[in-house]
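Below is one structure, written out as structure tokens, with a few remarks after it.
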There are 2 protein chains.
Amino acid sequence: MDLMNIGKIIQFHRKQAGLSQKELADLAGIGKTAVFDLEKGKSNFRIETLLKICSILNIELDFQSPIIKHWSKNES
Amino acid sequence: MDLMNIGKIIQFHRKQAGLSQKELADLAGIGKTAVFDLEKGKSNFRIETLLKICSILNIELDFQSPIIKHWSKNES
DNA sequence: AAGTTTTTACTGCTTTTGCGGTAAATATTG
DNA sequence: CAATATTTACCGCAAAAGCAGTAAAAACTT
């Protein structure tokens, strides 16, 4: 994941959705400041904050690794 | 991203790598408590904490969305 | 140009994360 | 079994995230 571009990616999706920062914040159930800081390039924030925003904007986050196919939920 | 399983996925990768929680924490430059809490199912933490761990364990995080292909770094 | 909306920016404040220290429980190894 | 290593679990503290409020700057409408 390119952490440097998270903010810009979010912003692009938000504008495509025709939402203001405040509207996105309200839909995601977070504060307007979080959306602003995120888009402005702040690189650290809580996972849930990012996921709430991604959920609203229909962005999915996926894990990728060479061995992930060998993992199942029912393993130790 | 299945937030519920982050901890288990991390744990699986850590064990595959033959690392103890403390060793992973040291390699990632974070505290042992963060690794423990993460694997134990704590669902919220900082992005950078997760990314440091993923970096050590060779796990990549990718964005997926229907319109992501229309985004480039040089757009507004 | 005037009015409206949005974004940027800062503030003080509350909540949460992350930390090392410590210690008990559990697992591993000799 | 005994010694060692690891995991689990708690603590108090420090650092950071997130919040609403406010206001100025910038971007849009009409």
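By convention in this document, the chains of the structure tokens carry letters A, B, ... by their order, each chain's residues are numbered from 1, and ligands are numbered from 1 in the order they are shown.
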Please report, as a Markdown table, each residue of chain A lying at most 10 Å from chain B, together with the nearest pair of atoms and the separation in Å rounded to one decimal; use only C-alpha atoms, and order rows by chain and ascending residue number.
| residue | atom | partner | partner_atom | distance |
| --- | --- | --- | --- | --- |
| A:Met1 | CA | B:Leu61 | CA | 4.6 |
| A:Asp2 | CA | B:Asp62 | CA | 8.1 |
| A:Leu3 | CA | B:Glu48 | CA | 8.8 |
| A:Asn5 | CA | B:Lys73 | CA | 7.6 |
| A:Ile6 | CA | B:Phe63 | CA | 9.2 |
| A:Lys8 | CA | B:Lys73 | CA | 7.6 |
| A:Ile9 | CA | B:Trp71 | CA | 7.4 |
| A:Gln11 | CA | B:Ser76 | CA | 9.1 |
| A:Phe12 | CA | B:Trp71 | CA | 7.1 |
| A:His13 | CA | B:Ile67 | CA | 7.8 |
| A:Gln16 | CA | B:Ile67 | CA | 8.8 |
| A:Ser43 | CA | B:Glu48 | CA | 7.8 |
| A:Asn44 | CA | B:Ile47 | CA | 5.8 |
| A:Phe45 | CA | B:Arg46 | CA | 5.3 |
| A:Arg46 | CA | B:Arg46 | CA | 4.4 |
| A:Ile47 | CA | B:Ile47 | CA | 5.5 |
| A:Glu48 | CA | B:Asn44 | CA | 5.9 |
| A:Thr49 | CA | B:Asn44 | CA | 8.9 |
| A:Leu50 | CA | B:Ile47 | CA | 8.5 |
| A:Leu51 | CA | B:Met1 | CA | 8.5 |
| A:Cys54 | CA | B:Phe63 | CA | 9.3 |
| A:Leu57 | CA | B:Ser65 | CA | 8.6 |
| A:Asn58 | CA | B:Ser65 | CA | 6.3 |
| A:Ile59 | CA | B:Ser65 | CA | 4.8 |
| A:Glu60 | CA | B:Gln64 | CA | 4.8 |
| A:Leu61 | CA | B:Met1 | CA | 4.6 |
| A:Asp62 | CA | B:Met1 | CA | 5.0 |
| A:Phe63 | CA | B:Leu61 | CA | 4.8 |
| A:Gln64 | CA | B:Glu60 | CA | 4.8 |
| A:Ser65 | CA | B:Ile59 | CA | 4.8 |
| A:Pro66 | CA | B:Asn58 | CA | 8.0 |
| A:Ile67 | CA | B:His13 | CA | 7.8 |
| A:Ile68 | CA | B:Ile9 | CA | 8.0 |
| A:His70 | CA | B:Phe12 | CA | 9.3 |
| A:Trp71 | CA | B:Phe12 | CA | 7.1 |
| A:Ser72 | CA | B:Ile9 | CA | 8.7 |
| A:Lys73 | CA | B:Asn5 | CA | 7.6 |
| A:Asn74 | CA | B:Lys8 | CA | 9.8 |
| A:Glu75 | CA | B:Phe12 | CA | 8.4 |
| A:Ser76 | CA | B:Phe12 | CA | 8.0 |
Once chain A is superposed on chain B with a least-squares fit on all C-alpha pairs taken in order, can you show it as a compact mmCIF listing (two decimals) with C-alpha atoms, in the first residue's frame?
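Written out: result_32.txt:
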# COMPACT_ATOMS: atom_id res chain seq x y z
CA MET A 1 -10.03 -6.09 4.24
CA ASP A 2 -11.28 -8.42 6.87
CA LEU A 3 -10.48 -6.50 9.99
CA MET A 4 -11.61 -9.35 12.17
CA ASN A 5 -8.80 -11.55 10.85
CA ILE A 6 -5.90 -9.15 10.76
CA GLY A 7 -4.49 -10.48 13.98
CA LYS A 8 -4.68 -14.10 12.91
CA ILE A 9 -3.18 -13.34 9.53
CA ILE A 10 -0.29 -11.53 11.17
CA GLN A 11 0.20 -14.37 13.59
CA PHE A 12 0.24 -16.93 10.82
CA HIS A 13 2.86 -15.01 8.91
CA ARG A 14 4.94 -14.39 12.00
CA LYS A 15 5.04 -18.08 12.87
CA GLN A 16 5.85 -19.03 9.31
CA ALA A 17 8.77 -16.64 9.58
CA GLY A 18 9.87 -18.32 12.79
CA LEU A 19 9.71 -15.17 14.84
CA SER A 20 8.57 -14.58 18.39
CA GLN A 21 6.35 -11.62 19.14
CA LYS A 22 9.28 -9.82 20.70
CA GLU A 23 11.53 -10.46 17.71
CA LEU A 24 8.88 -9.20 15.32
CA ALA A 25 8.28 -6.14 17.47
CA ASP A 26 11.99 -5.33 17.53
CA LEU A 27 12.39 -5.83 13.78
CA ALA A 28 9.36 -3.64 13.12
CA GLY A 29 10.54 -1.03 15.56
CA ILE A 30 7.44 -1.19 17.71
CA GLY A 31 6.68 -2.42 21.20
CA LYS A 32 5.91 -5.98 22.11
CA THR A 33 2.56 -4.88 23.47
CA ALA A 34 1.42 -3.73 20.06
CA VAL A 35 2.16 -7.11 18.49
CA PHE A 36 0.44 -8.92 21.31
CA ASP A 37 -2.67 -6.71 21.25
CA LEU A 38 -2.86 -6.95 17.48
CA GLU A 39 -2.72 -10.71 17.40
CA LYS A 40 -5.10 -10.89 20.32
CA GLY A 41 -7.82 -9.28 18.28
CA LYS A 42 -7.66 -5.62 19.14
CA SER A 43 -9.32 -4.07 16.13
CA ASN A 44 -8.06 -0.55 16.18
CA PHE A 45 -4.50 0.67 15.95
CA ARG A 46 -2.38 3.00 13.91
CA ILE A 47 -1.86 2.47 10.23
CA GLU A 48 1.88 2.77 10.60
CA THR A 49 1.97 0.08 13.24
CA LEU A 50 0.25 -2.31 10.86
CA LEU A 51 2.43 -1.29 7.94
CA LYS A 52 5.65 -1.74 9.88
CA ILE A 53 4.62 -5.27 10.76
CA CYS A 54 3.44 -6.04 7.23
CA SER A 55 6.71 -4.75 5.86
CA ILE A 56 8.71 -7.17 7.98
CA LEU A 57 6.43 -10.09 7.16
CA ASN A 58 6.34 -9.33 3.44
CA ILE A 59 2.62 -8.64 3.44
CA GLU A 60 1.36 -6.06 0.98
CA LEU A 61 -1.80 -4.02 1.27
CA ASP A 62 -3.60 -2.99 -1.88
CA PHE A 63 -6.49 -0.70 -2.65
CA GLN A 64 -9.28 -2.05 -4.79
CA SER A 65 -12.12 -0.03 -6.23
CA PRO A 66 -14.13 0.13 -9.44
CA ILE A 67 -12.69 3.51 -10.40
CA ILE A 68 -9.16 3.26 -9.11
CA LYS A 69 -7.78 2.71 -12.59
CA HIS A 70 -8.92 6.22 -13.47
CA TRP A 71 -6.77 7.71 -10.78
CA SER A 72 -3.24 8.89 -11.35
CA LYS A 73 -0.84 10.63 -9.02
CA ASN A 74 -0.74 13.69 -11.21
CA GLU A 75 -4.42 14.48 -11.01
CA SER A 76 -5.94 17.32 -9.02
Can you tell me which residues surround DT28 of chain C at a distance of at most 10 Å, considering only C-alpha atoms (C1' of nucleotides), apart from same-chain residues fewer than 2 positions away, and format the answer as a list of chain:residue names? C:DT26, C:DG30, D:DT4, D:DA5, D:DT6
Print the selection's residues with C-alpha atoms (C1' of nucleotides) to a file, as an mmCIF file, in the first residue's frame.
data_model
loop_
_atom_site.group_PDB
_atom_site.id
_atom_site.type_symbol
_atom_site.label_atom_id
_atom_site.label_comp_id
_atom_site.auth_asym_id
_atom_site.auth_seq_id
_atom_site.Cartn_x
_atom_site.Cartn_y
_atom_site.Cartn_z
ATOM 1 C "C1'" DT C 26 1.954 -21.611 29.160
ATOM 2 C "C1'" DG C 30 17.690 -30.073 27.460
ATOM 3 C "C1'" DT D 4 14.539 -21.691 29.421
ATOM 4 C "C1'" DA D 5 11.712 -19.177 26.217
ATOM 5 C "C1'" DT D 6 7.446 -17.385 24.942
#
Please, what distance in Å, to one decimal, runs between atom C1' of DT7 of chain C and atom C1' of DT30 of chain D?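 If I compute the distance from atom C1' of DT7 of chain C to atom C1' of DT30 of chain D, I get 20.8 Å.
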Which of chain A counts as helix (DSSP H, G or I) under DSSP, as a PyMOL selection string please? chain A and resi 3-16+21-28+32-40+47-57+68-70
Up to 12 Å from chain B, what residues of chain C turn up? Count only C-alpha atoms (C1' of nucleotides) and give them as a list of chain:residue names.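 Taken together, these residues fit the definition: C:DT16, C:DT17, C:DG18, C:DC19, C:DG20, C:DG21.
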Write a file of the selected residues as a CSV table (one decimal), in the first residue's frame, keeping all heavy atoms.
chain,number,residue,atom,x,y,z
C,16,DT,P,-12.2,5.7,23.8
C,16,DT,OP1,-13.2,5.0,23.0
C,16,DT,OP2,-12.1,5.5,25.3
C,16,DT,O5',-10.7,5.4,23.2
C,16,DT,C5',-10.5,5.8,21.9
C,16,DT,C4',-9.1,5.6,21.5
C,16,DT,O4',-8.2,6.6,22.2
C,16,DT,C3',-8.5,4.2,21.8
C,16,DT,O3',-8.0,3.6,20.7
C,16,DT,C2',-7.4,4.5,22.9
C,16,DT,C1',-7.0,5.9,22.5
C,16,DT,N1,-6.4,6.7,23.6
C,16,DT,C2,-5.2,7.3,23.4
C,16,DT,O2,-4.6,7.2,22.4
C,16,DT,N3,-4.7,8.1,24.5
C,16,DT,C4,-5.3,8.2,25.7
C,16,DT,O4,-4.8,8.9,26.6
C,16,DT,C5,-6.6,7.6,25.9
C,16,DT,C7,-7.3,7.7,27.1
C,16,DT,C6,-7.1,6.8,24.8
C,17,DT,P,-7.4,2.1,20.6
C,17,DT,OP1,-8.1,1.4,19.5
C,17,DT,OP2,-7.5,1.6,22.0
C,17,DT,O5',-5.9,2.4,20.2
C,17,DT,C5',-5.6,3.3,19.2
C,17,DT,C4',-4.1,3.7,19.3
C,17,DT,O4',-3.8,4.5,20.4
C,17,DT,C3',-3.2,2.5,19.3
C,17,DT,O3',-2.2,2.6,18.3
C,17,DT,C2',-2.7,2.5,20.8
C,17,DT,C1',-2.7,4.0,21.1
C,17,DT,N1,-2.9,4.3,22.6
C,17,DT,C2,-2.0,5.1,23.2
C,17,DT,O2,-1.0,5.7,22.6
C,17,DT,N3,-2.2,5.4,24.5
C,17,DT,C4,-3.2,4.9,25.3
C,17,DT,O4,-3.3,5.1,26.4
C,17,DT,C5,-4.1,4.0,24.6
C,17,DT,C7,-5.2,3.3,25.3
C,17,DT,C6,-3.9,3.7,23.3
C,18,DG,P,-1.3,1.3,17.9
C,18,DG,OP1,-0.9,1.5,16.5
C,18,DG,OP2,-2.0,0.1,18.4
C,18,DG,O5',0.0,1.6,18.9
C,18,DG,C5',0.7,2.8,18.7
C,18,DG,C4',1.7,2.9,19.9
C,18,DG,O4',1.0,3.2,21.1
C,18,DG,C3',2.5,1.6,20.1
C,18,DG,O3',3.8,1.8,19.9
C,18,DG,C2',2.1,1.2,21.6
C,18,DG,C1',1.6,2.5,22.2
C,18,DG,N9,0.7,2.4,23.3
C,18,DG,C8,-0.5,1.7,23.3
C,18,DG,N7,-1.1,1.7,24.4
C,18,DG,C5,-0.3,2.6,25.2
C,18,DG,C6,-0.5,3.1,26.5
C,18,DG,O6,-1.4,2.8,27.3
C,18,DG,N1,0.5,3.9,26.9
C,18,DG,C2,1.6,4.3,26.1
C,18,DG,N2,2.5,5.1,26.7
C,18,DG,N3,1.8,3.9,24.9
C,18,DG,C4,0.8,3.0,24.5
C,19,DC,P,4.9,0.6,20.1
C,19,DC,OP1,6.0,0.9,19.2
C,19,DC,OP2,4.1,-0.7,20.1
C,19,DC,O5',5.4,0.9,21.6
C,19,DC,C5',6.1,2.1,21.8
C,19,DC,C4',6.4,2.3,23.3
C,19,DC,O4',5.2,2.5,24.0
C,19,DC,C3',7.0,1.0,24.0
C,19,DC,O3',8.4,1.0,23.9
C,19,DC,C2',6.5,1.2,25.4
C,19,DC,C1',5.3,2.1,25.4
C,19,DC,N1,4.0,1.5,25.8
C,19,DC,C2,3.6,1.7,27.1
C,19,DC,O2,4.2,2.3,27.8
C,19,DC,N3,2.4,1.1,27.4
C,19,DC,C4,1.7,0.3,26.6
C,19,DC,N4,0.6,-0.2,27.0
C,19,DC,C5,2.2,0.1,25.2
C,19,DC,C6,3.3,0.7,24.9
C,20,DG,P,9.2,-0.3,24.1
C,20,DG,OP1,10.4,-0.2,23.3
C,20,DG,OP2,8.3,-1.4,23.9
C,20,DG,O5',9.5,-0.2,25.6
C,20,DG,C5',10.0,1.0,26.2
C,20,DG,C4',10.0,0.9,27.7
C,20,DG,O4',8.6,0.8,28.2
C,20,DG,C3',10.7,-0.4,28.3
C,20,DG,O3',11.4,0.0,29.4
C,20,DG,C2',9.5,-1.4,28.6
C,20,DG,C1',8.4,-0.4,28.9
C,20,DG,N9,7.1,-0.9,28.5
C,20,DG,C8,6.7,-1.6,27.4
C,20,DG,N7,5.5,-1.9,27.3
C,20,DG,C5,5.0,-1.5,28.5
C,20,DG,C6,3.6,-1.6,29.0
C,20,DG,O6,2.6,-2.1,28.5
C,20,DG,N1,3.5,-1.1,30.3
C,20,DG,C2,4.6,-0.5,31.0
C,20,DG,N2,4.3,-0.1,32.2
C,20,DG,N3,5.8,-0.4,30.6
C,20,DG,C4,5.9,-0.9,29.3
C,21,DG,P,12.2,-1.2,30.2
C,21,DG,OP1,13.4,-0.5,30.8
C,21,DG,OP2,12.4,-2.4,29.4
C,21,DG,O5',11.2,-1.6,31.4
C,21,DG,C5',10.7,-0.6,32.3
C,21,DG,C4',9.9,-1.2,33.4
C,21,DG,O4',8.5,-1.5,32.8
C,21,DG,C3',10.4,-2.5,34.0
C,21,DG,O3',10.4,-2.4,35.4
C,21,DG,C2',9.4,-3.5,33.5
C,21,DG,C1',8.2,-2.8,33.2
C,21,DG,N9,7.3,-3.3,32.1
C,21,DG,C8,7.8,-3.6,30.8
C,21,DG,N7,6.8,-4.0,30.1
C,21,DG,C5,5.7,-4.1,30.9
C,21,DG,C6,4.4,-4.5,30.6
C,21,DG,O6,3.9,-4.9,29.5
C,21,DG,N1,3.5,-4.4,31.7
C,21,DG,C2,4.0,-3.9,32.9
C,21,DG,N2,3.0,-3.9,33.9
C,21,DG,N3,5.2,-3.5,33.2
C,21,DG,C4,6.0,-3.6,32.2
Hey, list the chain D side of the contact with chain A: 8 Å cut-off, only C-alpha atoms (C1' of nucleotides), answer as a ChimeraX atom specification. /D:17-19
Write down as a list in words the residues of chain A whose backbone DSSP state falls under strand (DSSP E or B). Arg46, Glu60, Leu61, Asp62, Phe63 and Gln64 of chain A
Output of the above residues as a CSV table (one decimal), in the first residue's frame, restricted to C-alpha atoms:
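Produced file result-v6.csv, reproduced below:
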chain,number,residue,atom,x,y,z
A,46,ARG,CA,-6.4,4.7,13.1
A,60,GLU,CA,-11.6,-2.3,-0.6
A,61,LEU,CA,-8.3,-3.2,1.1
A,62,ASP,CA,-6.7,-6.5,0.4
A,63,PHE,CA,-3.8,-8.4,1.9
A,64,GLN,CA,-1.3,-9.8,-0.5
Interatomic distance between atom C1' of DT4 of chain C and atom C1' of DA20 of chain D?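 Between these atoms lies a distance of 22.2 Å.
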Between atom C1' of DA24 of chain C and atom C1' of DA2 of chain D, distance in Å (one decimal): 18.1 Å
